[in-house]
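Asks: Pasting in a structure now, in structure tokens, and then I'll have a few things to ask.
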Amino acid sequence: MTEADGRTTAAVSLDGGWRRLPAPHLSAYLAAFHDRPVAGLAGEEIEGRHMALPLPEPGKVICCGLNYADHIAETGRDLPAHP
């Protein structure tokens, strides 16, 4: 989430408003606080904000798809033009 002053912060929607979390974005929050309840870490309400890229530094990206022509045929789908 980006605030009106240009800073970014991880935030959580709680009690009808957005509250600051103790990290600049969700990637940093998850790295530092993945084992703690989010409600106990929520700070003050944030005013004048807009959504930003939530995970700018993902630890991994998991994708799934139809990788093989035989599998695509099994599912009854058309072969894609590109992978």
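In the structure tokens, the first chain shown is A, the next is B, and so on; residue numbers restart at 1 for each chain, and ligands run from 1 in the order shown.
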With only C-alpha atoms as the counted atoms, please give the residues lying no more than 7 Å from Trp18 (chain A), apart from itself and same-chain residues fewer than 4 positions off, as a PyMOL selection string.

Replies: chain A and resi 11-14+45-46

Asks: Going by DSSP on the backbone, which bits of chain A are strand (DSSP E or B)? Write them as a list in words, please.

Replies: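 Everything in chain A that counts as strand (DSSP E or B) is Thr2, Glu3, Thr8, Ala11, Val12, Ser13, Leu14, Gly17, Trp18, Arg19, Arg20, Glu45, Arg49 and His50 of chain A.
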
Asks: Looking at only C-alpha atoms, which of A:Gly65, A:Gly17, A:Pro80, A:Gly59 is the one that sits closest to Ala42 (chain A)?

Replies: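 The closest residue to Ala42 (chain A) is A:Gly17.
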
Asks: Quick one: of A:Pro56, A:His82, A:Thr9, A:Leu21, who's nearest to Tyr68 (chain A), counting only C-alpha atoms?

Replies: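 Looking only at the distances to Tyr68 (chain A), the closest residue turns out to be A:His82.
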
Asks: Based on DSSP run over this structure's backbone, return all residues of region 5-77 of chain A in alpha helix (DSSP H), as number ranges by chain.

Replies: A: 26-33, 69-74

Asks: Now that the selection is made, can you save its residues with C-alpha atoms as a tab-separated table (two decimals), in the first residue's frame?

Replies:
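So part_0.tsv came out as:
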```
chain	number	residue	atom	x	y	z
A	26	LEU	CA	4.05	-7.85	2.30
A	27	SER	CA	7.20	-9.66	1.11
A	28	ALA	CA	9.14	-8.17	4.04
A	29	TYR	CA	6.22	-8.74	6.42
A	30	LEU	CA	5.95	-12.44	5.53
A	31	ALA	CA	9.71	-12.92	5.86
A	32	ALA	CA	9.77	-11.39	9.35
A	33	PHE	CA	6.36	-12.21	10.87
A	69	ALA	CA	0.16	-32.06	-25.66
A	70	ASP	CA	-1.10	-35.45	-24.45
A	71	HIS	CA	-2.31	-33.94	-21.19
A	72	ILE	CA	-4.02	-31.07	-23.01
A	73	ALA	CA	-5.79	-33.61	-25.24
A	74	GLU	CA	-6.88	-35.62	-22.15
```

Asks: Taking only C-alpha atoms into account, which of A:Val61, A:Leu55, A:Ala81, A:Arg49 comes nearest His25 (chain A)?

Replies: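 Answer, going by the shortest atom-to-atom distance: A:Leu55.
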
Asks: Quick one: pull the distance between CA of Arg19 (chain A) and CA of Asp5 (chain A), Å, one decimal.

Replies: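 Between CA of Arg19 (chain A) and CA of Asp5 (chain A) the gap is 15.9 Å.
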
Asks: Any idea what the distance is between CA of Gly16 (chain A) and CA of Glu57 (chain A)?

Replies: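 Distance between the two atoms: 27.8 Å.
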
Asks: Between CA of His34 (chain A) and CA of Gly6 (chain A), measure the distance and give it in Å to one decimal.

Replies: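 Between CA of His34 (chain A) and CA of Gly6 (chain A) the gap is 25.7 Å.
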